[in-house]
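Inspection log for the structure reproduced underneath, given as structure tokens.
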Amino acid sequence: MRTETIQLETADGTMAVYEAVPDEPVAAVVVIQEAFGVNEHIEDVVRRFAAAGYHAVAPHLFHRAGGGTAPYDDFSQIMKLYGGLDDEAVLRDVDATLAHLAGGESGWPAAKTGIVGFCMGGRVSFLVAARRRLGAAVSFYGGGIVTARFPQFPPLIGEASSLHTPWLGLFGDQDTSIPVEDVEQIGAETAKASVKTDVVRYPDAGHGFHCDMRPDHYNAAAAADGWARTLAWFADRLG
């Protein structure tokens, strides 16, 4: 496995991308960060996908504000990282990342590329599934889909029935930031889409249940099941 941080040029400047490439990749996966940035956990997730056979990349979406990460225990540092970021900016960053994957020696087309996101990245994965045509998308506890959290990130539920990319949503019932009612609405609306969708709820899990670097959030059973479902979702659709 080869790992490195590369630099991509975007319409809004240079963006760092953490990349892990196995010896014989079968497809590509874009990993979208949590609200804390591309930290050790996200880099570890990228390597996990590479170990599973995927050319995996994680774009640093906070590059407009100077980049960097915020610690899990200090939310006061998060908001300054969001400078200059809105949905259109996110899509430009994702497009630049997809162009990198398509233009490299592997030449991954959109149909052989998946996207997965965690926390804020879960919403980004949903946004991309609604606005772009990829092979597959997965959202781990993506908030702000039904109820907006920030003015620059409006609700996306109106686009749920017209998704262009097969989408899997994974949520914890104990997540106080994403009510079960919202999850049920997401499931009902995405079921109307012409592409395959699925929503999975974990009764005993809360927000961030996949992050094993946050002992107060991590739920081993939900994390293992969610990871298995994600790999199966990608394997069935990316080949």
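Naming works like this for the structure tokens: A, B, ... for the chains as they're shown, residue 1 at the start of each chain, ligands 1 onward in shown order.
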| task | Name the residues of region 30-236 of chain A that come out as helix (DSSP H, G or I) in a backbone DSSP run; write them as a PyMOL selection string. | result | chain A and resi 40-51+61-65+75-77+79-82+87-103+110-112+120-131+157-162+180-190+220-236
| said: So that I can see what lies close to Pro154 (chain A), please list as a ChimeraX atom specification the residues with an atom at most 9 Å from it, counting only C-alpha atoms and leaving out residues fewer than 4 positions away in the same chain. | reply: /A:87,144-150
| said: Which residues are near region 46-53 of chain A? Cut-off 8 Å, only C-alpha atoms, ignore same chain within fewer than 5 positions. Put them as a PyMOL selection string. | reply: chain A and resi 1+3+18-22+24-27+29+31+58
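Excluding Ala205 (chain A) and any residue on its chain fewer than 3 positions from it, the residues at most 7 Å away by only C-alpha atoms are Gly172, Asp173, Gln174, Tyr202, Phe209, Asn219 and Ala222 of chain A.
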| Selected residue, from A:Gly104, A:Gly121, A:Pro166, A:Gly226, that lies nearest to Pro59 (chain A) when counting only C-alpha atoms | A:Gly121
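Among the candidates A:His217, A:Arg237, A:Arg229, A:Arg133, the residue lying nearest to Asp198 (chain A) is A:Arg229 (atoms considered: only C-alpha atoms).
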| field | Using only C-alpha atoms: which of A:Ala102, A:Val94, A:Ala137, A:Val183 has the shortest distance to Ser125 (chain A) | value | A:Ala137
| note | Closest of A:Gln152, A:Ser139, A:Thr97, A:Ser161 to Thr10 (chain A), counting only C-alpha atoms, is A:Thr97
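Excluding Gly206 (chain A) itself and same-chain residues fewer than 4 positions from it, the residues having an atom within 12 Å of it are A:Cys119, A:Phe140, A:Tyr141, A:Gly142, A:Leu170, A:Phe171, A:Gly172, A:Asp173, A:Gln174, A:Asp175, A:Thr176, A:Ser177, A:Ile178, A:Pro179, A:Val180, A:Arg201, A:Tyr202, A:His210, A:Cys211, A:Arg214, A:Pro215, A:Asp216, A:His217, A:Tyr218, A:Asn219, A:Ala220, A:Ala221, A:Ala222, A:Ala223, counting only C-alpha atoms.
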Filtering to N, CA and C atoms, could you give me those residues as a PDB file, in the first residue's frame?
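Result file out_13.pdb:
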```
ATOM      1  N   CYS A 119     -20.350  12.242   9.730  1.00  0.00           N
ATOM      2  CA  CYS A 119     -20.736  13.503  10.368  1.00  0.00           C
ATOM      3  C   CYS A 119     -21.057  14.513   9.267  1.00  0.00           C
ATOM      4  N   PHE A 140     -22.550   8.076   6.935  1.00  0.00           N
ATOM      5  CA  PHE A 140     -22.584   7.738   8.355  1.00  0.00           C
ATOM      6  C   PHE A 140     -23.055   8.971   9.118  1.00  0.00           C
ATOM      7  N   TYR A 141     -24.197   8.844   9.804  1.00  0.00           N
ATOM      8  CA  TYR A 141     -24.780   9.894  10.653  1.00  0.00           C
ATOM      9  C   TYR A 141     -24.607  11.305  10.075  1.00  0.00           C
ATOM     10  N   GLY A 142     -25.102  11.456   8.833  1.00  0.00           N
ATOM     11  CA  GLY A 142     -25.047  12.766   8.196  1.00  0.00           C
ATOM     12  C   GLY A 142     -26.159  13.671   8.695  1.00  0.00           C
ATOM     13  N   LEU A 170     -26.603   5.417   7.330  1.00  0.00           N
ATOM     14  CA  LEU A 170     -26.425   4.705   8.592  1.00  0.00           C
ATOM     15  C   LEU A 170     -26.563   5.687   9.747  1.00  0.00           C
ATOM     16  N   PHE A 171     -27.518   5.429  10.652  1.00  0.00           N
ATOM     17  CA  PHE A 171     -27.837   6.370  11.721  1.00  0.00           C
ATOM     18  C   PHE A 171     -28.007   5.651  13.058  1.00  0.00           C
ATOM     19  N   GLY A 172     -27.734   6.371  14.140  1.00  0.00           N
ATOM     20  CA  GLY A 172     -27.944   5.846  15.478  1.00  0.00           C
ATOM     21  C   GLY A 172     -29.161   6.481  16.117  1.00  0.00           C
ATOM     22  N   ASP A 173     -30.021   5.686  16.697  1.00  0.00           N
ATOM     23  CA  ASP A 173     -31.243   6.207  17.319  1.00  0.00           C
ATOM     24  C   ASP A 173     -30.947   7.115  18.506  1.00  0.00           C
ATOM     25  N   GLN A 174     -29.778   6.950  19.134  1.00  0.00           N
ATOM     26  CA  GLN A 174     -29.424   7.765  20.295  1.00  0.00           C
ATOM     27  C   GLN A 174     -28.715   9.060  19.907  1.00  0.00           C
ATOM     28  N   ASP A 175     -28.679   9.352  18.633  1.00  0.00           N
ATOM     29  CA  ASP A 175     -28.038  10.573  18.133  1.00  0.00           C
ATOM     30  C   ASP A 175     -28.965  11.757  18.388  1.00  0.00           C
ATOM     31  N   THR A 176     -28.633  12.573  19.369  1.00  0.00           N
ATOM     32  CA  THR A 176     -29.501  13.700  19.731  1.00  0.00           C
ATOM     33  C   THR A 176     -29.487  14.801  18.684  1.00  0.00           C
ATOM     34  N   SER A 177     -28.507  14.787  17.784  1.00  0.00           N
ATOM     35  CA  SER A 177     -28.425  15.830  16.759  1.00  0.00           C
ATOM     36  C   SER A 177     -29.199  15.468  15.499  1.00  0.00           C
ATOM     37  N   ILE A 178     -29.608  14.203  15.373  1.00  0.00           N
ATOM     38  CA  ILE A 178     -30.399  13.766  14.219  1.00  0.00           C
ATOM     39  C   ILE A 178     -31.585  12.966  14.750  1.00  0.00           C
ATOM     40  N   PRO A 179     -32.733  13.599  14.949  1.00  0.00           N
ATOM     41  CA  PRO A 179     -33.897  12.902  15.499  1.00  0.00           C
ATOM     42  C   PRO A 179     -34.310  11.703  14.657  1.00  0.00           C
ATOM     43  N   VAL A 180     -34.839  10.692  15.321  1.00  0.00           N
ATOM     44  CA  VAL A 180     -35.322   9.508  14.612  1.00  0.00           C
ATOM     45  C   VAL A 180     -36.372   9.897  13.583  1.00  0.00           C
ATOM     46  N   ARG A 201     -30.898   1.872  10.874  1.00  0.00           N
ATOM     47  CA  ARG A 201     -30.876   2.507  12.195  1.00  0.00           C
ATOM     48  C   ARG A 201     -30.303   1.540  13.228  1.00  0.00           C
ATOM     49  N   TYR A 202     -29.469   2.078  14.124  1.00  0.00           N
ATOM     50  CA  TYR A 202     -28.888   1.293  15.214  1.00  0.00           C
ATOM     51  C   TYR A 202     -29.477   1.787  16.533  1.00  0.00           C
ATOM     52  N   HIS A 210     -19.010   5.302  14.677  1.00  0.00           N
ATOM     53  CA  HIS A 210     -17.945   4.591  13.960  1.00  0.00           C
ATOM     54  C   HIS A 210     -16.548   5.025  14.398  1.00  0.00           C
ATOM     55  N   CYS A 211     -16.437   6.137  15.093  1.00  0.00           N
ATOM     56  CA  CYS A 211     -15.124   6.701  15.416  1.00  0.00           C
ATOM     57  C   CYS A 211     -14.533   6.048  16.658  1.00  0.00           C
ATOM     58  N   ARG A 214     -12.962   8.072  19.686  1.00  0.00           N
ATOM     59  CA  ARG A 214     -13.795   8.798  20.643  1.00  0.00           C
ATOM     60  C   ARG A 214     -14.537   7.760  21.490  1.00  0.00           C
ATOM     61  N   PRO A 215     -13.927   7.300  22.567  1.00  0.00           N
ATOM     62  CA  PRO A 215     -14.517   6.223  23.371  1.00  0.00           C
ATOM     63  C   PRO A 215     -15.931   6.521  23.852  1.00  0.00           C
ATOM     64  N   ASP A 216     -16.251   7.802  24.055  1.00  0.00           N
ATOM     65  CA  ASP A 216     -17.577   8.165  24.550  1.00  0.00           C
ATOM     66  C   ASP A 216     -18.631   8.129  23.442  1.00  0.00           C
ATOM     67  N   HIS A 217     -18.216   7.976  22.188  1.00  0.00           N
ATOM     68  CA  HIS A 217     -19.147   7.906  21.061  1.00  0.00           C
ATOM     69  C   HIS A 217     -19.137   6.545  20.374  1.00  0.00           C
ATOM     70  N   TYR A 218     -18.013   5.879  20.413  1.00  0.00           N
ATOM     71  CA  TYR A 218     -17.823   4.641  19.659  1.00  0.00           C
ATOM     72  C   TYR A 218     -18.750   3.528  20.137  1.00  0.00           C
ATOM     73  N   ASN A 219     -19.354   2.859  19.169  1.00  0.00           N
ATOM     74  CA  ASN A 219     -20.186   1.694  19.443  1.00  0.00           C
ATOM     75  C   ASN A 219     -19.658   0.570  18.556  1.00  0.00           C
ATOM     76  N   ALA A 220     -18.952  -0.371  19.154  1.00  0.00           N
ATOM     77  CA  ALA A 220     -18.233  -1.394  18.398  1.00  0.00           C
ATOM     78  C   ALA A 220     -19.160  -2.212  17.510  1.00  0.00           C
ATOM     79  N   ALA A 221     -20.310  -2.603  18.026  1.00  0.00           N
ATOM     80  CA  ALA A 221     -21.230  -3.441  17.250  1.00  0.00           C
ATOM     81  C   ALA A 221     -21.782  -2.680  16.046  1.00  0.00           C
ATOM     82  N   ALA A 222     -22.224  -1.437  16.264  1.00  0.00           N
ATOM     83  CA  ALA A 222     -22.763  -0.639  15.166  1.00  0.00           C
ATOM     84  C   ALA A 222     -21.674  -0.304  14.159  1.00  0.00           C
ATOM     85  N   ALA A 223     -20.469  -0.017  14.655  1.00  0.00           N
ATOM     86  CA  ALA A 223     -19.354   0.307  13.763  1.00  0.00           C
ATOM     87  C   ALA A 223     -19.019  -0.877  12.867  1.00  0.00           C
TER      88      ALA A 223
END
```
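Secondary structure of region 97-206 of chain A, strand (DSSP E or B) only (DSSP, backbone atoms): Thr113, Gly114, Ile115, Val116, Gly117, Phe118, Ala136, Ala137, Val138, Ser139, Phe140, Phe150, Phe153, Trp167, Leu168, Gly169, Leu170, Phe171, Gly172, Thr197, Asp198, Val199, Val200, Arg201 and Tyr202 of chain A.
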Can you spit out the residues from that selection as a PDB file, in the first residue's frame, using N, CA and C atoms?
```pdb
ATOM      1  N   THR A 113     -16.400   4.621  -8.967  1.00  0.00           N
ATOM      2  CA  THR A 113     -15.994   5.454  -7.836  1.00  0.00           C
ATOM      3  C   THR A 113     -17.150   5.597  -6.852  1.00  0.00           C
ATOM      4  N   GLY A 114     -16.864   5.399  -5.586  1.00  0.00           N
ATOM      5  CA  GLY A 114     -17.847   5.593  -4.528  1.00  0.00           C
ATOM      6  C   GLY A 114     -17.456   6.751  -3.642  1.00  0.00           C
ATOM      7  N   ILE A 115     -18.378   7.181  -2.813  1.00  0.00           N
ATOM      8  CA  ILE A 115     -18.106   8.238  -1.848  1.00  0.00           C
ATOM      9  C   ILE A 115     -18.727   7.860  -0.516  1.00  0.00           C
ATOM     10  N   VAL A 116     -18.011   8.126   0.565  1.00  0.00           N
ATOM     11  CA  VAL A 116     -18.506   7.854   1.909  1.00  0.00           C
ATOM     12  C   VAL A 116     -18.126   9.020   2.800  1.00  0.00           C
ATOM     13  N   GLY A 117     -19.037   9.402   3.690  1.00  0.00           N
ATOM     14  CA  GLY A 117     -18.759  10.526   4.567  1.00  0.00           C
ATOM     15  C   GLY A 117     -19.254  10.278   5.975  1.00  0.00           C
ATOM     16  N   PHE A 118     -18.623  10.974   6.920  1.00  0.00           N
ATOM     17  CA  PHE A 118     -18.929  10.827   8.339  1.00  0.00           C
ATOM     18  C   PHE A 118     -19.265  12.196   8.929  1.00  0.00           C
ATOM     19  N   ALA A 136     -21.672   4.606  -6.182  1.00  0.00           N
ATOM     20  CA  ALA A 136     -22.334   4.349  -4.899  1.00  0.00           C
ATOM     21  C   ALA A 136     -21.962   5.430  -3.908  1.00  0.00           C
ATOM     22  N   ALA A 137     -22.831   5.635  -2.905  1.00  0.00           N
ATOM     23  CA  ALA A 137     -22.584   6.612  -1.851  1.00  0.00           C
ATOM     24  C   ALA A 137     -23.064   6.050  -0.519  1.00  0.00           C
ATOM     25  N   VAL A 138     -22.349   6.407   0.553  1.00  0.00           N
ATOM     26  CA  VAL A 138     -22.715   5.990   1.911  1.00  0.00           C
ATOM     27  C   VAL A 138     -22.575   7.180   2.842  1.00  0.00           C
ATOM     28  N   SER A 139     -23.548   7.359   3.722  1.00  0.00           N
ATOM     29  CA  SER A 139     -23.497   8.424   4.737  1.00  0.00           C
ATOM     30  C   SER A 139     -23.573   7.816   6.129  1.00  0.00           C
ATOM     31  N   PHE A 140     -22.550   8.076   6.935  1.00  0.00           N
ATOM     32  CA  PHE A 140     -22.584   7.738   8.355  1.00  0.00           C
ATOM     33  C   PHE A 140     -23.055   8.971   9.118  1.00  0.00           C
ATOM     34  N   PHE A 150     -26.513  25.192   9.508  1.00  0.00           N
ATOM     35  CA  PHE A 150     -25.803  26.428   9.198  1.00  0.00           C
ATOM     36  C   PHE A 150     -26.431  27.049   7.954  1.00  0.00           C
ATOM     37  N   PHE A 153     -25.469  25.810   4.522  1.00  0.00           N
ATOM     38  CA  PHE A 153     -25.772  24.414   4.224  1.00  0.00           C
ATOM     39  C   PHE A 153     -27.267  24.172   4.400  1.00  0.00           C
ATOM     40  N   TRP A 167     -27.598   5.152  -2.706  1.00  0.00           N
ATOM     41  CA  TRP A 167     -27.189   5.750  -1.425  1.00  0.00           C
ATOM     42  C   TRP A 167     -27.613   4.893  -0.241  1.00  0.00           C
ATOM     43  N   LEU A 168     -26.682   4.712   0.696  1.00  0.00           N
ATOM     44  CA  LEU A 168     -26.920   4.007   1.949  1.00  0.00           C
ATOM     45  C   LEU A 168     -26.710   4.965   3.107  1.00  0.00           C
ATOM     46  N   GLY A 169     -27.705   5.069   4.003  1.00  0.00           N
ATOM     47  CA  GLY A 169     -27.594   5.934   5.169  1.00  0.00           C
ATOM     48  C   GLY A 169     -27.558   5.114   6.451  1.00  0.00           C
ATOM     49  N   LEU A 170     -26.603   5.417   7.330  1.00  0.00           N
ATOM     50  CA  LEU A 170     -26.425   4.705   8.592  1.00  0.00           C
ATOM     51  C   LEU A 170     -26.563   5.687   9.747  1.00  0.00           C
ATOM     52  N   PHE A 171     -27.518   5.429  10.652  1.00  0.00           N
ATOM     53  CA  PHE A 171     -27.837   6.370  11.721  1.00  0.00           C
ATOM     54  C   PHE A 171     -28.007   5.651  13.058  1.00  0.00           C
ATOM     55  N   GLY A 172     -27.734   6.371  14.140  1.00  0.00           N
ATOM     56  CA  GLY A 172     -27.944   5.846  15.478  1.00  0.00           C
ATOM     57  C   GLY A 172     -29.161   6.481  16.117  1.00  0.00           C
ATOM     58  N   THR A 197     -31.716   2.676  -2.691  1.00  0.00           N
ATOM     59  CA  THR A 197     -31.364   3.359  -1.452  1.00  0.00           C
ATOM     60  C   THR A 197     -31.701   2.456  -0.271  1.00  0.00           C
ATOM     61  N   ASP A 198     -31.083   2.746   0.854  1.00  0.00           N
ATOM     62  CA  ASP A 198     -31.388   2.002   2.070  1.00  0.00           C
ATOM     63  C   ASP A 198     -31.002   2.864   3.264  1.00  0.00           C
ATOM     64  N   VAL A 199     -31.773   2.748   4.332  1.00  0.00           N
ATOM     65  CA  VAL A 199     -31.487   3.449   5.581  1.00  0.00           C
ATOM     66  C   VAL A 199     -31.461   2.426   6.702  1.00  0.00           C
ATOM     67  N   VAL A 200     -30.386   2.434   7.481  1.00  0.00           N
ATOM     68  CA  VAL A 200     -30.215   1.501   8.588  1.00  0.00           C
ATOM     69  C   VAL A 200     -30.123   2.286   9.887  1.00  0.00           C
ATOM     70  N   ARG A 201     -30.898   1.872  10.874  1.00  0.00           N
ATOM     71  CA  ARG A 201     -30.876   2.507  12.195  1.00  0.00           C
ATOM     72  C   ARG A 201     -30.303   1.540  13.228  1.00  0.00           C
ATOM     73  N   TYR A 202     -29.469   2.078  14.124  1.00  0.00           N
ATOM     74  CA  TYR A 202     -28.888   1.293  15.214  1.00  0.00           C
ATOM     75  C   TYR A 202     -29.477   1.787  16.533  1.00  0.00           C
TER      76      TYR A 202
END
```
| Computed interatomic separation between CA of Leu156 (chain A) and CA of His60 (chain A) (Å) | 22.4 Å
| query | Just how far from CA of Gly83 (chain A) is CA of Gly67 (chain A), in Å to one decimal? | reply | 9.9 Å
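For the set A:Asp212, A:Asp95, A:Glu105, A:Lys112, the residue with the smallest atom-to-atom gap to Arg131 (chain A) is A:Asp95, counting only C-alpha atoms.
Closest to Leu127 (chain A) among A:Val30, A:Asp204, A:Leu91, A:Asp73 is A:Leu91, based on only C-alpha atoms.
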| message | Could you tell me how far CA of Gly135 (chain A) sits from CA of Ser194 (chain A), in Å to one decimal place? | response | 13.9 Å
| said: List as JSON, numbers by chain the protein and nucleic acid residues near Ala28 (chain A), meaning an atom at most 6 Å away when only C-alpha atoms are counted, but skip any in the same chain fewer than 5 places from it. | reply: {"A": [54, 55, 56, 113]}
Same residues, C-alpha atoms, saved as a tab-separated table (two decimals), in the first residue's frame:
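Saved file part_13.tsv follows:
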```tsv
chain	number	residue	atom	x	y	z
A	54	TYR	CA	-9.86	0.56	-2.99
A	55	HIS	CA	-7.84	3.50	-4.23
A	56	ALA	CA	-8.97	5.80	-1.42
A	113	THR	CA	-15.99	5.45	-7.84
```
